[in-house]
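Colleague: Dumping the structure here so I can ask a few things about it.
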Amino acid sequence: MSLLELDGVTRRFGGLVAVNDVDLVLEEGDVVGLIGPNGAGKTTLFALIAGSLPPSSGSIAFRGAQVGGWSADRAARAGIGRTFQIMRIFKSMTVLENVMVGSYLRETRPARARDLAEQVLETVGLGELAGQAAANLTVASKKRLELARALATQPRLLLLDEVMSGLTPVETSEAVELVRKLNQSGLAVLLVEHVMEVVMPLSQRVVVLDHGVKIAEGTPAEVSRDSAVIEAYLGDQHAAAGG
Amino acid sequence: MTELSQASVSGLLLGAIYALVAVGLTLIFGVMDIVNFAHGDFLMAAMYITFFVWLYGRLDPLVSIPLAALAMAGFGILVYTVLIRRVLKGPVLSQIIVTFGLLVFMRGIAQLAFTANTRGIPDPLVGPVRLVIGGVVAGGAQLTAALGAIVCTVLVYLLLSRTELGSAINAVAQDADAARLMGIDPNRIHLLTWAVAGASVGVAGALLMNFFPVTPEIGAGFGLIAFVVVSMGGFGSLQGALIAGLAMGVIQDVVGLFQPAYGFAAIFALYLVIVMVRPQGLFGAR
Amino acid sequence: MGLLLFVYPFVVKDAFWQNVAVLALVSASAAAAWNLLGGITGQVSFGHSIFYGTGAYTTGYLLVRYGLSPWVGMAAGCLVAVALGIVIGFPVFRLRSHYFSIATIAMQQVIFIIVVNNKALGAATGIELPLREASLANLQFSTRDLLPYHLIALALLGVSSLAIWLFMQGKAGAYVKAIRDDEDVARAMGVPVRRYKLYALALSAAITSLAGSYYGMYSLFIDPNVVLSLNLSIAIVLVGVLGGAGSLWGPLVGAWVLQVIQEETRVRLSGAGNALDLVIYGLLVMLIAVVEPAGLIGIGRRLARRLPVRRRAVQR
C-alpha cells in the first residue's frame, strides 16, 4: 500500500479541465517535486489532495483510504499537512499560538500541545520568536511559521505550496536544508514550486504538469532533459517575455 | 381569483420598489465588499427630504425625484469619505459595524429632529389616478413608483454595462489593484459608486413618499428587505436584485392574502431556504 | 473591579443608580455572550435577541402556566436556547461574514413574527408575571433596595464570564480564534470549523438566555418588542463592540457606559421621541470602527501604553 495514490484524477471547472487524468504515487519517505508553468493545474491538484476541492472523477487514496472529496479538516486528521502559497498566518495570535492551533489536533491537553508547539518551533528555527506577535514576522519567518503550523499537526505527508518563493538565495538554501532534515526523520513531502532550480536538488522524483496533464515524471536529471518539459517551460518564458 | 391576481399585481408593484432600494446596496457590495447596514435609513432620509420639500416648498414628490437623488448622492459621498474609506483596509468587524453605527445614529437623529410621528403626503399629483384592468386595480402612486423603479434600475444597469464609467466600476470590482495599474483610481470609483447608490435610493424614497408615510423607523423594514433581496439575488448582481425584489413583493402580498400576519415572515423564510441551498444567491458569482 | 461591583449596592442606595447597575450587569452578561461568538469567534450575529427572548419566555411561560420556579425556568431556558442555537446555527454557519450577519437578522424576524402571533405566548402584548412573596426561591425581592437583584446579577455575570474564560483556555479557545482569523487555514490544520462555531454559539446562547430570564424576572413583564426585538439585538452588539469586541472586560465597560447614557438621557430629556442616546451610541460605534476596533478597552490600553513612555522621556 502506497502512502498516496492518485489514479486518473480529473477536475473540471465548468468547461475548463484544470487537472486532467493525473496518476501519481508517493511512498513513505519520498520527496516528490510537482512543477509546471503558470496555470498548469499545480494548485488545483494540491487542493484536491488536501481536501479543499472534490475531484470530478478519479480516485485519491491516502494510506489505503479514499480521501477524494473529504473535507480539509478530515484530511488533516488523516495525516495530510499543508502550507499556503500566500502566507496566511493567524494575525491576532503570537507565533506560539499559531503553532498550537496545529498541535491541538493530536494533543488535547494545553500543556502537551504547548510542548509540542515549542518543539516544532525549535525544529524550524523560530524557537526564539515564540512569544512574538505573528503579524510582525519577516517574510522568511512567516514561511517558517507556515511550515511549523503544518508540522504541528504531525502529518505523514507534507504538502508544501511554493514555500521557497520570495526568499533570498541564502534563505532558500536554509529552507532546502530544513525540508531535507524533515524528510530524513521519515516525513514524505510533495513540493509544489514554480521555479525548477529549487525542486531539483531536493526531489528524488519530479512530476511535470502542463495544461492540467502530466507530461513527464522521473528523476530531476531525466526530467530536465525531457523535450516536452523544455518546450512547456520555454513556451512559458516566451509568454512571460511577451507579456 | 380576482383577489389572487390583485395580490399578485400589488405585489409586483411593491416588488419593483424593493428592487430599486436593493440596487444601491448590491452595487456597493459588488464593488467593495461592504454591506451598508444603514441602507434602509438612507431611504428614510430620502423620504424625509421629499416630505419637507412638499411641506415647505409645496413641491410634489415627482418634482422631488431629482432633488432627493442629488441630495442622497451627496450624502453617499459624505459617508464614503468620512467613514467607509477609513475601514476598507481594516478588520472585517469594523467593516460590518461602521454602517451599523451609522444606522443607529441616523435613526436617533430622525427621532430627535422629526419625532416618532408618522408623516405622509395626502394629495400627491398621481394620487387620484387609477388603472383598472379586468377587475384588478393599480393605484397611480404605486404604478408610478413601479415604473420609476424599473426605469431607474435599467438606467443603472445601462450605466454599468454601456459606459466607460461602468467598465471602470467593473474593473475595480474585479480587482482594485489591477484597475489601479490600468490608470483607474479605485478611490474615485468607490466614491462614484456611493454617489450612484445614494442617488438610486434617493429616487426610491421620493417615489415611495407618494403612497407610503415616513417614520424614523421605516428604514428597519425596508432595509431588511433590501438585504434579503440582495442576498437572495446574489450580492453584486443587478438582475438578481430585480428578479428577487419582484418575487419578494409578490410572495409577501400573496401569502399575506391567506395569512395576513405571515406575509413578512414568508419572504424571510424563503430567503433562508434559498441561501442555505445556494449561499451565493440565485445570480451570485461565488 | 469585581470587588468594586460587589461593594457598590451596599454603598449606593439611590434608586436610579441601583437600577442602572442591575441593568448594566444583565446587559454585560448578554454582551459577553455575544462577544464570544461575534468578537472572539468572528461570527457577527445580529440575532441574539432570539436567545434573550428564549430565556425570558421560557421562564415566564413555565412560571405563569405551570407555576414552576424561575430557577427551573432559567435552566429550561438555557436548554431550549442551546437547542435552538444548534438548529439555527447548523444551516446559518454555512454562510460567511456579511452573509451570516444578514441571515441572523432574518432568523430573528421570522421568530419574532411567529411569537407575536402566538396566543399561548401572549401574542403582541407579551406575558405579565405574577407578583410573589419576596424570596430567593421565587427570585423576587423588594424593589425598595435593589441589593439582592444586584448581587444575583453580579453572580450571573461572574458565572458567565468564568464559563467563557474556561472555554477560551484550551483547545476550543485556540480553535475559535483561528476560525476568526482565517477559516480556511484553520480547516486545513484539522479544525472542524462548523462544530467549533456551534460550540461557541451554544455557550453564547445559553448565557444570553440566562440574562433574558433574569431580565424577565426583574421587570416582571415579558414584552416581545423588548426581549425579542431587532433593537435588542442591536443593543447587545452595541454593548459588545463599544466596550471592545474580543476582550473579556469589554462588555462590562460597554454595558456600564451605555446604561448610563441611556438612563441619563432619559431623565434629562424625558418625553416621547427622545433618542439622544441612539445618536450618542451611533457616534461612538462609528468612532470605534474607524479609530479603534478594540473599543473603549483598546482606547484605554493605548492611553496606558503611552503614559509610561512619556514618564521615561521626562526622566531622561
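Following the order of the C-alpha cells, chains are lettered A, B, ..., residues in each are numbered from 1, and ligands are numbered from 1.
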Using only C-alpha atoms, I'd like every residue of chain A that has an atom within 8 Å of chain C; please write them out as a PyMOL selection string.
Modeller: chain A and resi 50+52+72-77+81-82+84+88-92+97-98+100-102+104-105+108-110+149-150+153
Colleague: Just need the residues of chain C within 9 Å of chain B, counting only C-alpha atoms, so spit them out as a PyMOL selection string.
Modeller: chain C and resi 38-39+42+44+91-92+94-99+101-103+105-107+109-114+117+230+234+237-238+241+245+272-293
Colleague: Counting only C-alpha atoms, which residue out of C:Ser49, C:Thr265, C:Gln259, C:Thr59 sits closest to C:Ser204?
Modeller: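 Among the listed residues, C:Ser49 lies closest to C:Ser204.
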Colleague: I'd like to know which residues of stretch 45-268 of chain B are helix (DSSP H, G or I) (by DSSP, run on the backbone); could you write them as a PyMOL selection string?
Modeller: chain B and resi 45-57+61-87+92-114+140-162+164-174+176-181+186-208+218-233+238-258+260-268
Colleague: Can you pull out every residue within 7 Å of stretch 171-177 of chain B, counting only C-alpha atoms, but drop anything in the same chain fewer than 4 positions away, and send it as a list in words?
Modeller: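 So, after excluding close chain neighbours, the residues are Gly30, Val31, Met32, Ser167, Leu181 and Pro186 of chain B.
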Colleague: For the residues in the current selection, export N, CA and C atoms as a compact mmCIF listing (two decimals), in the first residue's frame.
Modeller:
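Saved the output as again36.txt:
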# COMPACT_ATOMS: atom_id res chain seq x y z
N GLY B 30 -21.05 44.83 -4.51
CA GLY B 30 -20.35 44.27 -5.67
C GLY B 30 -19.01 44.94 -5.89
N VAL B 31 -18.94 46.25 -5.65
CA VAL B 31 -17.71 46.96 -5.95
C VAL B 31 -16.70 46.87 -4.81
N MET B 32 -17.14 46.91 -3.55
CA MET B 32 -16.12 46.93 -2.49
C MET B 32 -16.39 46.00 -1.32
N SER B 167 -17.43 50.44 -17.12
CA SER B 167 -16.34 49.46 -17.22
C SER B 167 -15.30 49.71 -16.14
N LEU B 181 -3.42 49.72 -11.88
CA LEU B 181 -2.35 49.64 -12.89
C LEU B 181 -2.84 50.12 -14.25
N PRO B 186 -9.11 53.72 -7.87
CA PRO B 186 -10.19 53.00 -7.18
C PRO B 186 -10.95 53.89 -6.20
Colleague: What lies within 6 Å of C:Thr208 using only C-alpha atoms, ignoring chain neighbours under 6 positions off, as a PyMOL selection string?
Modeller: chain C and resi 30+33+51-52
Colleague: What does the file look like for those residues with all heavy atoms, as a PDB file, in the first residue's frame?
Modeller:
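Contents of the output file again.pdb:
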ATOM      1  N   ALA C  30     -25.189  39.458  28.659  1.00  0.00           N
ATOM      2  CA  ALA C  30     -25.634  39.181  27.292  1.00  0.00           C
ATOM      3  C   ALA C  30     -24.547  39.584  26.296  1.00  0.00           C
ATOM      4  O   ALA C  30     -24.273  38.873  25.334  1.00  0.00           O
ATOM      5  CB  ALA C  30     -26.928  39.915  26.994  1.00  0.00           C
ATOM      6  N   ALA C  33     -21.700  37.224  26.198  1.00  0.00           N
ATOM      7  CA  ALA C  33     -22.081  36.038  25.426  1.00  0.00           C
ATOM      8  C   ALA C  33     -21.978  36.330  23.932  1.00  0.00           C
ATOM      9  O   ALA C  33     -21.433  35.539  23.159  1.00  0.00           O
ATOM     10  CB  ALA C  33     -23.495  35.623  25.788  1.00  0.00           C
ATOM     11  N   PHE C  51     -32.124  34.511  21.601  1.00  0.00           N
ATOM     12  CA  PHE C  51     -31.774  33.709  22.774  1.00  0.00           C
ATOM     13  C   PHE C  51     -32.187  34.406  24.069  1.00  0.00           C
ATOM     14  O   PHE C  51     -32.592  33.763  25.031  1.00  0.00           O
ATOM     15  CB  PHE C  51     -30.282  33.387  22.760  1.00  0.00           C
ATOM     16  CG  PHE C  51     -29.854  32.766  21.463  1.00  0.00           C
ATOM     17  CD1 PHE C  51     -28.923  33.373  20.654  1.00  0.00           C
ATOM     18  CD2 PHE C  51     -30.437  31.572  21.038  1.00  0.00           C
ATOM     19  CE1 PHE C  51     -28.569  32.804  19.444  1.00  0.00           C
ATOM     20  CE2 PHE C  51     -30.090  31.002  19.835  1.00  0.00           C
ATOM     21  CZ  PHE C  51     -29.145  31.622  19.029  1.00  0.00           C
ATOM     22  N   TYR C  52     -32.068  35.726  24.066  1.00  0.00           N
ATOM     23  CA  TYR C  52     -32.517  36.519  25.211  1.00  0.00           C
ATOM     24  C   TYR C  52     -34.014  36.280  25.409  1.00  0.00           C
ATOM     25  O   TYR C  52     -34.485  35.975  26.505  1.00  0.00           O
ATOM     26  CB  TYR C  52     -32.240  37.991  24.905  1.00  0.00           C
ATOM     27  CG  TYR C  52     -32.224  38.933  26.077  1.00  0.00           C
ATOM     28  CD1 TYR C  52     -31.052  39.133  26.786  1.00  0.00           C
ATOM     29  CD2 TYR C  52     -33.349  39.660  26.427  1.00  0.00           C
ATOM     30  CE1 TYR C  52     -31.009  40.040  27.843  1.00  0.00           C
ATOM     31  CE2 TYR C  52     -33.311  40.567  27.472  1.00  0.00           C
ATOM     32  CZ  TYR C  52     -32.135  40.762  28.178  1.00  0.00           C
ATOM     33  OH  TYR C  52     -32.089  41.662  29.205  1.00  0.00           O
TER      34      TYR C  52
END
Colleague: Name the residues of stretch 120-207 of chain C that come out as strand (DSSP E or B) in a backbone DSSP run; write them as number ranges by chain.
Modeller: C: 127-128, 135, 140
Colleague: Emit the selected residues as a PDB file, in the first residue's frame, including C-alpha atoms.
Modeller:
ATOM      1  CA  ILE C 127     -46.618  37.884  29.371  1.00  0.00           C
ATOM      2  CA  GLU C 128     -47.193  39.566  32.689  1.00  0.00           C
ATOM      3  CA  SER C 135     -37.620  35.305  48.450  1.00  0.00           C
ATOM      4  CA  GLN C 140     -38.375  38.254  43.612  1.00  0.00           C
TER       5      GLN C 140
END
